[in-house]
$ cat structure06.pdb   # PDB, C-alpha atoms
ATOM      1  CA  MET I  24      97.634  65.100  84.382
ATOM      2  CA  ASN I  25      94.730  67.498  84.627
ATOM      3  CA  THR I  26      96.174  70.752  85.943
ATOM      4  CA  ASP I  27      93.177  73.016  85.428
ATOM      5  CA  THR I  28      91.360  72.629  88.744
ATOM      6  CA  SER I  29      90.548  76.235  89.532
ATOM      7  CA  GLY I  30      87.088  76.363  87.976
ATOM      8  CA  PRO I  31      85.759  79.299  85.973
ATOM      9  CA  PRO I  32      87.298  82.754  86.556
ATOM     10  CA  VAL I  33      85.302  85.122  88.766
ATOM     11  CA  GLU I  34      83.691  87.866  86.673
ATOM     12  CA  GLY I  35      84.902  91.342  87.552
ATOM     13  CA  ARG I  36      88.100  90.055  89.168
ATOM     14  CA  THR I  37      89.534  87.800  86.533
ATOM     15  CA  GLY I  38      87.224  88.427  83.590
ATOM     16  CA  PRO I  39      88.165  90.254  80.408
ATOM     17  CA  ARG I  40      86.426  93.487  81.524
ATOM     18  CA  ALA I  41      88.599  93.856  84.618
ATOM     19  CA  GLY I  42      91.385  95.479  82.526
ATOM     20  CA  LEU I  43      94.316  96.720  84.590
ATOM     21  CA  PHE I  44      92.980  95.017  87.709
ATOM     22  CA  ARG I  45      92.667  91.599  86.035
ATOM     23  CA  VAL I  46      94.367  88.896  88.069
ATOM     24  CA  HIS I  47      95.634  85.554  86.772
ATOM     25  CA  PRO I  48      93.209  82.735  87.710
ATOM     26  CA  HIS I  49      96.013  80.511  89.052
ATOM     27  CA  GLY I  50      98.426  83.147  90.332
ATOM     28  CA  THR I  51      99.371  84.583  93.717
ATOM     29  CA  ALA I  52      97.764  87.965  92.987
ATOM     30  CA  SER I  53      94.463  89.152  94.429
ATOM     31  CA  ARG I  54      92.525  92.309  93.651
ATOM     32  CA  GLY I  55      94.048  93.957  96.744
ATOM     33  CA  SER I  56      97.631  93.065  95.802
ATOM     34  CA  ARG I  57      97.008  94.249  92.234
ATOM     35  CA  VAL I  58      95.709  97.673  93.370
ATOM     36  CA  PHE I  59      98.571  97.939  95.858
ATOM     37  CA  GLY I  60     101.044  97.008  93.105
ATOM     38  CA  ILE I  61      99.742  99.730  90.786
ATOM     39  CA  VAL I  62      99.982 102.383  93.535
ATOM     40  CA  LEU I  63     103.470 101.099  94.348
ATOM     41  CA  ALA I  64     104.564 101.329  90.691
ATOM     42  CA  VAL I  65     103.464 104.979  90.607
ATOM     43  CA  GLY I  66     105.343 105.582  93.876
ATOM     44  CA  ILE I  67     108.510 103.950  92.495
ATOM     45  CA  ALA I  68     108.339 106.119  89.354
ATOM     46  CA  ALA I  69     107.903 109.278  91.467
ATOM     47  CA  PHE I  70     110.781 108.214  93.704
ATOM     48  CA  GLY I  71     112.972 107.724  90.623
ATOM     49  CA  VAL I  72     112.250 111.303  89.522
ATOM     50  CA  PHE I  73     113.165 112.677  92.952
ATOM     51  CA  ALA I  74     116.241 110.475  93.396
ATOM     52  CA  LEU I  75     117.764 110.937  89.939
ATOM     53  CA  ALA I  76     116.554 114.379  88.830
ATOM     54  CA  LEU I  77     115.005 116.695  91.417
ATOM     55  CA  SER I  78     117.290 116.035  94.365
ATOM     56  CA  PRO I  79     120.534 118.079  94.167
ATOM     57  CA  ALA I  80     124.045 116.645  94.233
ATOM     58  CA  ASP I  81     125.850 116.772  97.582
ATOM     59  CA  SER I  82     128.218 119.695  96.977
ATOM     60  CA  GLY I  83     129.540 120.161 100.501
ATOM     61  CA  ARG I  84     128.755 123.882 100.420
ATOM     62  CA  GLN I  85     126.350 123.658 103.365
ATOM     63  CA  VAL I  86     127.005 122.412 106.887
ATOM     64  CA  SER I  87     124.688 119.445 106.389
ATOM     65  CA  GLU I  88     126.486 118.278 103.217
ATOM     66  CA  ASN I  89     129.280 115.739 102.982
ATOM     67  CA  GLU I  90     130.790 116.352  99.508
ATOM     68  CA  MET I  91     129.375 113.083  98.205
ATOM     69  CA  GLY I  92     128.547 114.628  94.817
ATOM     70  CA  GLN I  93     126.234 112.503  92.663
ATOM     71  CA  LEU I  94     127.027 109.496  94.851
ATOM     72  CA  VAL I  95     124.452 110.729  97.355
ATOM     73  CA  ARG I  96     121.880 109.271  94.950
ATOM     74  CA  ILE I  97     123.141 105.740  95.709
ATOM     75  CA  MET I  98     122.366 106.385  99.384
ATOM     76  CA  TYR I  99     118.664 106.929  98.479
ATOM     77  CA  VAL I 100     118.413 103.247  97.562
ATOM     78  CA  HIS I 101     121.202 101.711  99.653
ATOM     79  CA  VAL I 102     119.831 102.851 103.045
ATOM     80  CA  PRO I 103     116.149 101.918 102.376
ATOM     81  CA  VAL I 104     117.154  98.494 101.039
ATOM     82  CA  ALA I 105     119.287  97.905 104.162
ATOM     83  CA  ILE I 106     116.343  98.915 106.402
ATOM     84  CA  ALA I 107     114.100  96.544 104.404
ATOM     85  CA  CYS I 108     116.454  93.642 105.099
ATOM     86  CA  TYR I 109     116.322  94.439 108.846
ATOM     87  CA  LEU I 110     112.516  94.476 108.620
ATOM     88  CA  ALA I 111     112.453  91.190 106.683
ATOM     89  CA  PHE I 112     114.640  89.424 109.249
ATOM     90  CA  LEU I 113     112.631  90.920 112.111
ATOM     91  CA  VAL I 114     109.504  89.378 110.568
ATOM     92  CA  THR I 115     111.380  86.062 110.177
ATOM     93  CA  ALA I 116     112.411  86.150 113.844
ATOM     94  CA  ALA I 117     108.881  87.071 114.975
ATOM     95  CA  GLY I 118     107.382  84.343 112.769
ATOM     96  CA  SER I 119     109.912  81.821 114.116
ATOM     97  CA  ALA I 120     109.182  82.741 117.746
ATOM     98  CA  MET I 121     105.448  82.569 117.154
ATOM     99  CA  TYR I 122     105.808  79.178 115.448
ATOM    100  CA  LEU I 123     107.754  77.764 118.396
ATOM    101  CA  TRP I 124     105.083  79.127 120.737
ATOM    102  CA  LYS I 125     101.854  78.425 118.835
ATOM    103  CA  LYS I 126     102.988  75.587 116.517
ATOM    104  CA  THR I 127     100.853  77.080 113.747
ATOM    105  CA  ALA I 128     102.106  76.424 110.209
ATOM    106  CA  GLY I 129     101.175  79.951 109.066
ATOM    107  CA  TRP I 130     103.885  81.514 111.241
ATOM    108  CA  ASP I 131     106.478  79.158 109.784
ATOM    109  CA  LEU I 132     105.397  80.056 106.254
ATOM    110  CA  LEU I 133     105.594  83.779 107.092
ATOM    111  CA  ALA I 134     109.120  83.353 108.497
ATOM    112  CA  ALA I 135     110.267  81.400 105.439
ATOM    113  CA  ALA I 136     108.811  83.851 102.922
ATOM    114  CA  SER I 137     110.292  86.862 104.704
ATOM    115  CA  ALA I 138     113.758  85.274 104.986
ATOM    116  CA  GLU I 139     113.976  84.808 101.233
ATOM    117  CA  VAL I 140     112.901  88.394 100.502
ATOM    118  CA  GLY I 141     115.394  89.519 103.177
ATOM    119  CA  VAL I 142     118.231  87.621 101.486
ATOM    120  CA  VAL I 143     117.491  89.432  98.204
ATOM    121  CA  PHE I 144     117.533  92.816  99.977
ATOM    122  CA  THR I 145     120.741  91.948 101.866
ATOM    123  CA  ALA I 146     122.503  90.985  98.636
ATOM    124  CA  LEU I 147     121.380  94.304  97.118
ATOM    125  CA  THR I 148     122.597  96.182 100.205
ATOM    126  CA  LEU I 149     126.059  94.635  99.817
ATOM    127  CA  ALA I 150     126.125  95.232  96.050
ATOM    128  CA  THR I 151     125.058  98.895  96.185
ATOM    129  CA  GLY I 152     127.385  99.515  99.133
ATOM    130  CA  SER I 153     130.219  97.973  97.158
ATOM    131  CA  ILE I 154     129.514 100.242  94.159
ATOM    132  CA  TRP I 155     129.457 103.264  96.501
ATOM    133  CA  GLY I 156     132.681 102.082  98.193
ATOM    134  CA  LYS I 157     134.543 101.704  94.904
ATOM    135  CA  ILE I 158     134.355 105.409  94.237
ATOM    136  CA  ALA I 159     134.222 106.763  97.814
ATOM    137  CA  TRP I 160     136.909 104.507  99.340
ATOM    138  CA  GLY I 161     138.671 103.366  96.150
ATOM    139  CA  THR I 162     137.890  99.677  96.775
ATOM    140  CA  TRP I 163     135.024  97.297  96.043
ATOM    141  CA  TRP I 164     135.397  95.525  99.390
ATOM    142  CA  GLU I 165     137.000  96.090 102.767
ATOM    143  CA  TRP I 166     136.925  93.688 105.734
ATOM    144  CA  ASP I 167     135.436  96.412 107.897
ATOM    145  CA  ALA I 168     132.993  95.720 110.758
ATOM    146  CA  ARG I 169     129.805  96.831 108.950
ATOM    147  CA  LEU I 170     130.610  95.090 105.674
ATOM    148  CA  THR I 171     131.810  91.882 107.294
ATOM    149  CA  SER I 172     128.829  91.624 109.666
ATOM    150  CA  THR I 173     126.443  92.257 106.742
ATOM    151  CA  LEU I 174     128.130  89.516 104.720
ATOM    152  CA  LEU I 175     127.783  87.226 107.748
ATOM    153  CA  LEU I 176     124.077  88.147 107.884
ATOM    154  CA  LEU I 177     123.675  87.062 104.258
ATOM    155  CA  VAL I 178     125.493  83.768 104.913
ATOM    156  CA  LEU I 179     123.393  83.084 108.051
ATOM    157  CA  TYR I 180     120.107  83.525 106.213
ATOM    158  CA  LEU I 181     121.344  81.504 103.235
ATOM    159  CA  GLY I 182     121.957  78.808 105.860
ATOM    160  CA  TYR I 183     118.394  79.313 107.114
ATOM    161  CA  LEU I 184     117.065  78.812 103.570
ATOM    162  CA  ALA I 185     119.264  75.701 103.226
ATOM    163  CA  VAL I 186     117.724  74.272 106.430
ATOM    164  CA  ARG I 187     114.298  74.851 104.903
ATOM    165  CA  ARG I 188     115.282  72.757 101.873
ATOM    166  CA  THR I 189     116.343  69.703 103.886
ATOM    167  CA  ILE I 190     114.262  66.587 103.325
ATOM    168  CA  LEU I 191     112.734  66.093 106.769
ATOM    169  CA  ASP I 192     109.366  65.773 108.391
ATOM    170  CA  PRO I 193     107.760  69.224 107.831
ATOM    171  CA  VAL I 194     107.230  69.762 111.595
ATOM    172  CA  VAL I 195     110.846  68.888 112.492
ATOM    173  CA  ARG I 196     112.109  71.057 109.643
ATOM    174  CA  ALA I 197     109.944  73.990 110.738
ATOM    175  CA  GLN I 198     111.201  73.680 114.342
ATOM    176  CA  ARG I 199     114.854  73.580 113.267
ATOM    177  CA  ALA I 200     114.345  76.487 110.857
ATOM    178  CA  ALA I 201     112.624  78.521 113.596
ATOM    179  CA  ILE I 202     115.581  78.023 115.947
ATOM    180  CA  VAL I 203     118.042  79.030 113.196
ATOM    181  CA  GLY I 204     115.825  82.034 112.342
ATOM    182  CA  LEU I 205     115.952  83.245 115.939
ATOM    183  CA  ILE I 206     119.704  82.703 116.355
ATOM    184  CA  ALA I 207     120.493  84.436 113.032
ATOM    185  CA  PHE I 208     118.541  87.528 114.085
ATOM    186  CA  VAL I 209     121.103  88.190 116.854
ATOM    187  CA  ASN I 210     123.381  89.454 114.079
ATOM    188  CA  VAL I 211     120.953  92.213 112.988
ATOM    189  CA  PRO I 212     121.658  94.608 115.921
ATOM    190  CA  ILE I 213     125.364  93.761 115.563
ATOM    191  CA  VAL I 214     125.221  94.916 111.915
ATOM    192  CA  HIS I 215     123.313  98.066 112.830
ATOM    193  CA  TYR I 216     125.524  99.153 115.736
ATOM    194  CA  SER I 217     128.818  97.917 114.245
ATOM    195  CA  VAL I 218     129.695 101.452 113.112
ATOM    196  CA  ASP I 219     129.347 102.654 116.718
ATOM    197  CA  TRP I 220     130.954  99.671 118.448
ATOM    198  CA  TRP I 221     134.046  99.335 116.227
ATOM    199  CA  ARG I 222     136.221 101.702 114.208
ATOM    200  CA  SER I 223     134.704 101.446 110.756
ATOM    201  CA  LEU I 224     135.386 102.762 107.288
ATOM    202  CA  HIS I 225     131.609 102.869 106.830
ATOM    203  CA  GLN I 226     129.998 106.194 107.678
ATOM    204  CA  GLY I 227     127.782 106.511 110.748
ATOM    205  CA  PRO I 228     123.971 106.542 110.604
ATOM    206  CA  THR I 229     122.554 109.187 108.232
ATOM    207  CA  LEU I 230     119.285 109.285 110.151
ATOM    208  CA  SER I 231     119.894 108.944 113.834
ATOM    209  CA  ARG I 232     117.636 109.925 116.710
ATOM    210  CA  PHE I 233     115.872 112.684 114.790
ATOM    211  CA  ASN I 234     119.216 114.382 114.144
ATOM    212  CA  PRO I 235     119.817 113.644 110.458
ATOM    213  CA  THR I 236     123.073 114.656 108.774
ATOM    214  CA  ILE I 237     121.184 115.673 105.611
ATOM    215  CA  ASP I 238     118.240 118.025 105.114
ATOM    216  CA  GLY I 239     115.891 119.569 102.569
ATOM    217  CA  LEU I 240     115.073 117.704  99.380
ATOM    218  CA  LYS I 241     117.782 115.125 100.035
ATOM    219  CA  LEU I 242     116.216 114.197 103.375
ATOM    220  CA  PHE I 243     112.754 114.063 101.783
ATOM    221  CA  THR I 244     114.032 111.802  98.970
ATOM    222  CA  LEU I 245     115.681 109.452 101.462
ATOM    223  CA  LEU I 246     112.511 109.219 103.583
ATOM    224  CA  PHE I 247     110.378 108.772 100.453
ATOM    225  CA  GLY I 248     112.730 105.988  99.348
ATOM    226  CA  MET I 249     112.286 104.283 102.711
ATOM    227  CA  VAL I 250     108.495 104.355 102.398
ATOM    228  CA  VAL I 251     108.602 103.054  98.809
ATOM    229  CA  VAL I 252     111.081 100.233  99.532
ATOM    230  CA  GLN I 253     109.223  99.092 102.678
ATOM    231  CA  ALA I 254     105.989  99.097 100.620
ATOM    232  CA  LEU I 255     107.806  97.035  97.981
ATOM    233  CA  TYR I 256     108.791  94.569 100.713
ATOM    234  CA  VAL I 257     105.120  94.274 101.735
ATOM    235  CA  TRP I 258     104.032  93.714  98.112
ATOM    236  CA  LEU I 259     106.723  91.078  97.544
ATOM    237  CA  MET I 260     105.673  89.410 100.801
ATOM    238  CA  MET I 261     102.033  89.233  99.699
ATOM    239  CA  HIS I 262     103.096  87.174  96.683
ATOM    240  CA  ARG I 263     105.892  85.246  98.356
ATOM    241  CA  PHE I 264     103.767  84.231 101.343
ATOM    242  CA  ARG I 265     101.009  82.948  99.046
ATOM    243  CA  LEU I 266     103.593  81.022  97.024
ATOM    244  CA  GLN I 267     104.971  79.529 100.246
ATOM    245  CA  TYR I 268     101.444  78.570 101.310
ATOM    246  CA  ALA I 269     100.697  76.968  97.915
ATOM    247  CA  GLU I 270     103.987  75.023  98.029
ATOM    248  CA  ALA I 271     103.153  73.771 101.535
ATOM    249  CA  GLN I 272      99.697  72.658 100.369
ATOM    250  CA  LEU I 273     101.227  70.834  97.427
ATOM    251  CA  GLU I 274     103.871  69.202  99.627
ATOM    252  CA  SER I 275     101.195  68.105 102.088
ATOM    253  CA  LYS I 276      99.113  66.534  99.310
ATOM    254  CA  GLY I 277     102.221  64.840  97.924
ATOM    255  CA  LEU I 278     103.062  63.394 101.349
ATOM    256  CA  ASP I 279      99.509  62.123 101.832
ATOM    257  CA  LEU I 280      99.640  60.454  98.440
ATOM    258  CA  ALA I 281     103.080  58.904  99.070
ATOM    259  CA  LEU I 282     101.938  57.544 102.467
ATOM    260  CA  ALA I 283      98.790  56.089 100.941
ATOM    261  CA  GLU I 284     100.854  54.483  98.173
ATOM    262  CA  ARG I 285     103.237  52.891 100.692
ATOM    263  CA  ARG I 286     100.338  51.606 102.803
ATOM    264  CA  ALA I 287      98.630  50.217  99.719
ATOM    265  CA  GLU I 288     101.843  48.433  98.645
ATOM    266  CA  ALA I 289     102.378  46.991 102.117
ATOM    267  CA  ALA I 290      98.762  45.907 102.429
ATOM    268  CA  ALA I 291      98.739  44.383  98.953
ATOM    269  CA  ASP I 292     101.544  42.088 100.106
ATOM    270  CA  THR I 293      99.551  40.985 103.172
ATOM    271  CA  GLY I 294      96.092  41.295 101.550
ATOM    272  CA  THR I 295      94.400  43.331 104.338
ATOM    273  CA  GLU I 296      91.208  45.366 104.097
ATOM    274  CA  ALA I 297      93.028  48.609 105.060
ATOM    275  CA  GLY I 298      95.195  48.149 102.020
ATOM    276  CA  THR I 299      92.147  48.091  99.794
ATOM    277  CA  LYS I 300      91.016  51.454 101.301
ATOM    278  CA  ASP I 301      94.444  53.028 100.708
ATOM    279  CA  ALA I 302      94.548  51.722  97.155
ATOM    280  CA  THR I 303      91.161  53.363  96.583
ATOM    281  CA  LEU I 304      92.493  56.632  98.073
ATOM    282  CA  VAL I 305      95.568  56.537  95.830
ATOM    283  CA  GLY I 306      93.365  55.944  92.809
ATOM    284  CA  ALA I 307      91.078  58.828  93.756
ATOM    285  CA  ARG I 308      93.992  61.241  94.400
ATOM    286  CA  LYS I 309      95.677  60.339  91.128
ATOM    287  CA  GLY I 310      92.433  60.920  89.332
ATOM    288  CA  THR I 311      92.095  64.473  90.681
ATOM    289  CA  SER I 312      95.743  65.584  90.418
TER     290      SER I 312
ATOM    291  CA  MET U  21     144.327 111.274  94.113
ATOM    292  CA  ALA U  22     144.260 111.666  90.338
ATOM    293  CA  LEU U  23     142.521 108.311  90.106
ATOM    294  CA  LEU U  24     139.931 109.418  92.649
ATOM    295  CA  ALA U  25     139.361 112.680  90.783
ATOM    296  CA  ALA U  26     138.858 110.803  87.518
ATOM    297  CA  ALA U  27     136.415 108.461  89.241
ATOM    298  CA  ARG U  28     134.469 111.431  90.573
ATOM    299  CA  ASP U  29     133.971 112.656  86.989
ATOM    300  CA  ASN U  30     132.405 109.305  86.274
ATOM    301  CA  GLU U  31     130.030 109.285  89.259
ATOM    302  CA  TRP U  32     126.907 108.939  87.115
ATOM    303  CA  ALA U  33     128.121 105.597  85.767
ATOM    304  CA  TYR U  34     128.274 104.233  89.324
ATOM    305  CA  VAL U  35     124.857 105.709  90.147
ATOM    306  CA  ALA U  36     123.402 104.101  87.006
ATOM    307  CA  ALA U  37     125.044 100.770  87.888
ATOM    308  CA  ALA U  38     123.519 100.815  91.405
ATOM    309  CA  TYR U  39     120.005 101.726  90.211
ATOM    310  CA  GLY U  40     120.198  99.341  87.232
ATOM    311  CA  LEU U  41     121.266  96.479  89.485
ATOM    312  CA  ILE U  42     118.467  97.114  91.988
ATOM    313  CA  VAL U  43     115.787  97.370  89.284
ATOM    314  CA  ALA U  44     117.056  94.279  87.429
ATOM    315  CA  VAL U  45     117.304  92.082  90.549
ATOM    316  CA  LEU U  46     113.947  93.138  92.019
ATOM    317  CA  VAL U  47     112.083  92.813  88.702
ATOM    318  CA  ALA U  48     113.651  89.383  88.111
ATOM    319  CA  TYR U  49     112.797  88.243  91.656
ATOM    320  CA  ALA U  50     109.202  89.529  91.454
ATOM    321  CA  ALA U  51     108.746  87.875  88.031
ATOM    322  CA  TRP U  52     110.180  84.579  89.325
ATOM    323  CA  THR U  53     107.838  84.665  92.323
ATOM    324  CA  ILE U  54     104.768  85.407  90.205
ATOM    325  CA  VAL U  55     105.574  82.816  87.516
ATOM    326  CA  ARG U  56     106.330  80.140  90.118
ATOM    327  CA  GLY U  57     103.102  81.045  91.943
ATOM    328  CA  ARG U  58     101.105  80.509  88.754
ATOM    329  CA  ARG U  59     102.810  77.195  88.064
ATOM    330  CA  ILE U  60     102.152  75.881  91.595
ATOM    331  CA  GLY U  61      98.650  77.402  91.598
ATOM    332  CA  ARG U  62      97.682  75.352  88.523
ATOM    333  CA  GLN U  63      98.311  72.183  90.511
ATOM    334  CA  LEU U  64      96.061  73.216  93.392
ATOM    335  CA  PRO U  65      92.274  73.308  93.534
ATOM    336  CA  SER U  66      90.795  76.779  93.971
ATOM    337  CA  GLU U  67      89.757  76.076  97.598
ATOM    338  CA  ASP U  68      93.473  75.738  98.449
ATOM    339  CA  ARG U  69      94.174  79.251  97.117
ATOM    340  CA  ARG U  70      92.379  81.142  99.864
ATOM    341  CA  TRP U  71      93.495  84.617  98.742
ATOM    342  CA  MET U  72      91.391  84.385  95.543
TER     343      MET U  72
END

$ encode --input "structure06.pdb" --output "structure tokens"
Amino acid sequence: MNTDTSGPPVEGRTGPRAGLFRVHPHGTASRGSRVFGIVLAVGIAAFGVFALALSPADSGRQVSENEMGQLVRIMYVHVPVAIACYLAFLVTAAGSAMYLWKKTAGWDLLAAASAEVGVVFTALTLATGSIWGKIAWGTWWEWDARLTSTLLLLVLYLGYLAVRRTILDPVVRAQRAAIVGLIAFVNVPIVHYSVDWWRSLHQGPTLSRFNPTIDGLKLFTLLFGMVVVQALYVWLMMHRFRLQYAEAQLESKGLDLALAERRAEAAADTGTEAGTKDATLVGARKGTS
Amino acid sequence: MALLAAARDNEWAYVAAAYGLIVAVLVAYAAWTIVRGRRIGRQLPSEDRRWM
């Protein structure tokens, strides 16, 4: 099978002189995503310096401190990653609602791509929270309201991804996935407000209504972490959405080919003229794929 | 209490575990996405990769 169908690389974007900004001729990167990725990498490195070196340990000597010691550094990644999973599922819900309204495939692809990135961030939220809990609470896991609702969130969106993998007509599958994507989002505010609504082992919001419980360099590092992680979500989405789009294109071509093959087989049995046209189409498609 | 105090002495190990896990998972996920994108992209004509 001939797989090289992209034509010659564009000079300046994919050519040898492009250096750091060179993008793979078949990949999901563009010049914009490459520049954004480089800026993001610098931001992540700077955040690492602030989070692990410059920011002080939480000693509890000041009113705004909570005696978290070095563990405060886990919060710099745990909170931004949790916010990123809210953002990802918000985009999934918005994409799902827009798909049900407009019936445009692009919204469905956006919802699907964001759900997968959101699942990764949710798993990381649970894992980093568990590491924090082991030392702060003395246990890896507790069936507390925040932890349980977050686990439920992960399971719901794994279910959403499972719906997306069912072998169905793409339109029916997109409709079902959109409904699941909207229903699953109901759990996001439950996760967020669970620490207020129920008695919880989990601490309350660190940043709440412009009245944060931390200040100074620690507050700056946390806010910086939020910017960096949300930017990382955007960068991952640029690639993941393009991958989703490419997969949909490939699936669509595969379906067209399979339909043409079936029609050609059926027509060959009856010897109709339409069957000859489909056989020609199958031959042409096979020749180009 | 003694166990908790001992754990507090070892806080950096937990911090390193959390950061290491996040970096490892996100790098692996980004790499998987990019590699899969290249593999799928090879099977598509350039006009179907509209971001290029």

$ atom_distance --input "structure06.pdb" --atom1 "CA of Val257 (chain I)" --atom2 "CA of Gln226 (chain I)"
28.2 Å

$ closest_atom_pairs --input "structure06.pdb" --of "chain I" --to "chain U" --cutoff "9 Å" --atoms "all atoms listed in the file" --output "JSON lines"
{"residue": "I:Asn25", "atom": "CA", "partner": "U:Gln63", "partner_atom": "CA", "distance": 8.3}
{"residue": "I:Thr26", "atom": "CA", "partner": "U:Gln63", "partner_atom": "CA", "distance": 5.2}
{"residue": "I:Asp27", "atom": "CA", "partner": "U:Arg62", "partner_atom": "CA", "distance": 5.9}
{"residue": "I:Thr28", "atom": "CA", "partner": "U:Pro65", "partner_atom": "CA", "distance": 4.9}
{"residue": "I:Ser29", "atom": "CA", "partner": "U:Ser66", "partner_atom": "CA", "distance": 4.5}
{"residue": "I:Gly30", "atom": "CA", "partner": "U:Ser66", "partner_atom": "CA", "distance": 7.1}
{"residue": "I:His47", "atom": "CA", "partner": "U:Arg58", "partner_atom": "CA", "distance": 7.7}
{"residue": "I:Pro48", "atom": "CA", "partner": "U:Met72", "partner_atom": "CA", "distance": 8.2}
{"residue": "I:His49", "atom": "CA", "partner": "U:Gly61", "partner_atom": "CA", "distance": 4.8}
{"residue": "I:Gly50", "atom": "CA", "partner": "U:Arg58", "partner_atom": "CA", "distance": 4.1}
{"residue": "I:Thr51", "atom": "CA", "partner": "U:Gly57", "partner_atom": "CA", "distance": 5.4}
{"residue": "I:Ala52", "atom": "CA", "partner": "U:Met72", "partner_atom": "CA", "distance": 7.7}
{"residue": "I:Ser53", "atom": "CA", "partner": "U:Met72", "partner_atom": "CA", "distance": 5.8}
{"residue": "I:Arg54", "atom": "CA", "partner": "U:Met72", "partner_atom": "CA", "distance": 8.2}
{"residue": "I:Leu75", "atom": "CA", "partner": "U:Val35", "partner_atom": "CA", "distance": 8.8}
{"residue": "I:Gly92", "atom": "CA", "partner": "U:Glu31", "partner_atom": "CA", "distance": 7.9}
{"residue": "I:Gln93", "atom": "CA", "partner": "U:Glu31", "partner_atom": "CA", "distance": 6.0}
{"residue": "I:Leu94", "atom": "CA", "partner": "U:Glu31", "partner_atom": "CA", "distance": 6.4}
{"residue": "I:Val95", "atom": "CA", "partner": "U:Val35", "partner_atom": "CA", "distance": 8.8}
{"residue": "I:Arg96", "atom": "CA", "partner": "U:Val35", "partner_atom": "CA", "distance": 6.7}
{"residue": "I:Ile97", "atom": "CA", "partner": "U:Val35", "partner_atom": "CA", "distance": 5.8}
{"residue": "I:Val100", "atom": "CA", "partner": "U:Tyr39", "partner_atom": "CA", "distance": 7.7}
{"residue": "I:His101", "atom": "CA", "partner": "U:Ala38", "partner_atom": "CA", "distance": 8.6}
{"residue": "I:Val140", "atom": "CA", "partner": "U:Tyr49", "partner_atom": "CA", "distance": 8.8}
{"residue": "I:Val143", "atom": "CA", "partner": "U:Leu46", "partner_atom": "CA", "distance": 8.0}
{"residue": "I:Phe144", "atom": "CA", "partner": "U:Leu46", "partner_atom": "CA", "distance": 8.7}
{"residue": "I:Leu147", "atom": "CA", "partner": "U:Ile42", "partner_atom": "CA", "distance": 6.5}
{"residue": "I:Ala150", "atom": "CA", "partner": "U:Ala38", "partner_atom": "CA", "distance": 7.7}
{"residue": "I:Thr151", "atom": "CA", "partner": "U:Ala38", "partner_atom": "CA", "distance": 5.4}
{"residue": "I:Gly152", "atom": "CA", "partner": "U:Ala38", "partner_atom": "CA", "distance": 8.7}
{"residue": "I:Ile154", "atom": "CA", "partner": "U:Tyr34", "partner_atom": "CA", "distance": 6.4}
{"residue": "I:Trp155", "atom": "CA", "partner": "U:Tyr34", "partner_atom": "CA", "distance": 7.3}
{"residue": "I:Lys157", "atom": "CA", "partner": "U:Tyr34", "partner_atom": "CA", "distance": 8.8}
{"residue": "I:Ile158", "atom": "CA", "partner": "U:Ala27", "partner_atom": "CA", "distance": 6.2}
{"residue": "I:Ala159", "atom": "CA", "partner": "U:Leu24", "partner_atom": "CA", "distance": 8.1}
{"residue": "I:Trp160", "atom": "CA", "partner": "U:Leu24", "partner_atom": "CA", "distance": 8.8}
{"residue": "I:Gly161", "atom": "CA", "partner": "U:Leu24", "partner_atom": "CA", "distance": 7.1}
{"residue": "I:Leu259", "atom": "CA", "partner": "U:Ala50", "partner_atom": "CA", "distance": 6.8}
{"residue": "I:His262", "atom": "CA", "partner": "U:Thr53", "partner_atom": "CA", "distance": 6.9}
{"residue": "I:Arg263", "atom": "CA", "partner": "U:Thr53", "partner_atom": "CA", "distance": 6.4}
{"residue": "I:Arg265", "atom": "CA", "partner": "U:Gly57", "partner_atom": "CA", "distance": 7.6}
{"residue": "I:Leu266", "atom": "CA", "partner": "U:Gly57", "partner_atom": "CA", "distance": 5.1}
{"residue": "I:Gln267", "atom": "CA", "partner": "U:Gly57", "partner_atom": "CA", "distance": 8.6}
{"residue": "I:Tyr268", "atom": "CA", "partner": "U:Arg69", "partner_atom": "CA", "distance": 8.4}
{"residue": "I:Ala269", "atom": "CA", "partner": "U:Ile60", "partner_atom": "CA", "distance": 6.6}
{"residue": "I:Glu270", "atom": "CA", "partner": "U:Ile60", "partner_atom": "CA", "distance": 6.7}
{"residue": "I:Gln272", "atom": "CA", "partner": "U:Asp68", "partner_atom": "CA", "distance": 7.2}
{"residue": "I:Leu273", "atom": "CA", "partner": "U:Leu64", "partner_atom": "CA", "distance": 7.0}
{"residue": "I:Ser312", "atom": "CA", "partner": "U:Gln63", "partner_atom": "CA", "distance": 7.1}

$ resolve_selection --input "structure06.pdb" --expression "the PyMOL selection byres ((chain I and resi 184) around 10)" --output "ChimeraX atom specification"
/I:135-136,138-139,142,178-183,185-189,200,203-204

$ atom_distance --input "structure06.pdb" --atom1 "CA of Ala271 (chain I)" --atom2 "CA of Ala289 (chain I)"
26.8 Å

$ resolve_selection --input "structure06.pdb" --expression "the PyMOL selection byres ((chain I and resi 172) around 12)" --output "MDAnalysis selection string"
chainID I and resid 145 149 165:171 173:179 207:218 221 223 225

$ residues_around --input "structure06.pdb" --residues "Val102 (chain I)" --least-positions-apart "6" --cutoff "9 Å" --atoms "all atoms listed in the file" --output "PyMOL selection string"
chain I and resi 148+229+245+248-249

$ atom_distance --input "structure06.pdb" --atom1 "CA of Leu63 (chain I)" --atom2 "CA of Met261 (chain I)"
13.1 Å

$ residues_around --input "structure06.pdb" --residues "region 119-129 of chain I" --least-positions-apart "5" --cutoff "7 Å" --atoms "all atoms listed in the file" --output "list in words"
Ala134, Gln198, Ala201, Gly204 and Leu205 of chain I

$ resolve_selection --input "structure06.pdb" --expression "the PyMOL selection byres ((chain I and resi 241) around 10)" --output "list of chain:residue names"
I:Phe73, I:Ala74, I:Leu77, I:Ser78, I:Pro79, I:Ala80, I:Asp81, I:Glu88, I:Val95, I:Arg96, I:Met98, I:Tyr99, I:Ile237, I:Asp238, I:Gly239, I:Leu240, I:Leu242, I:Phe243, I:Thr244, I:Leu245, I:Leu246, I:Phe247
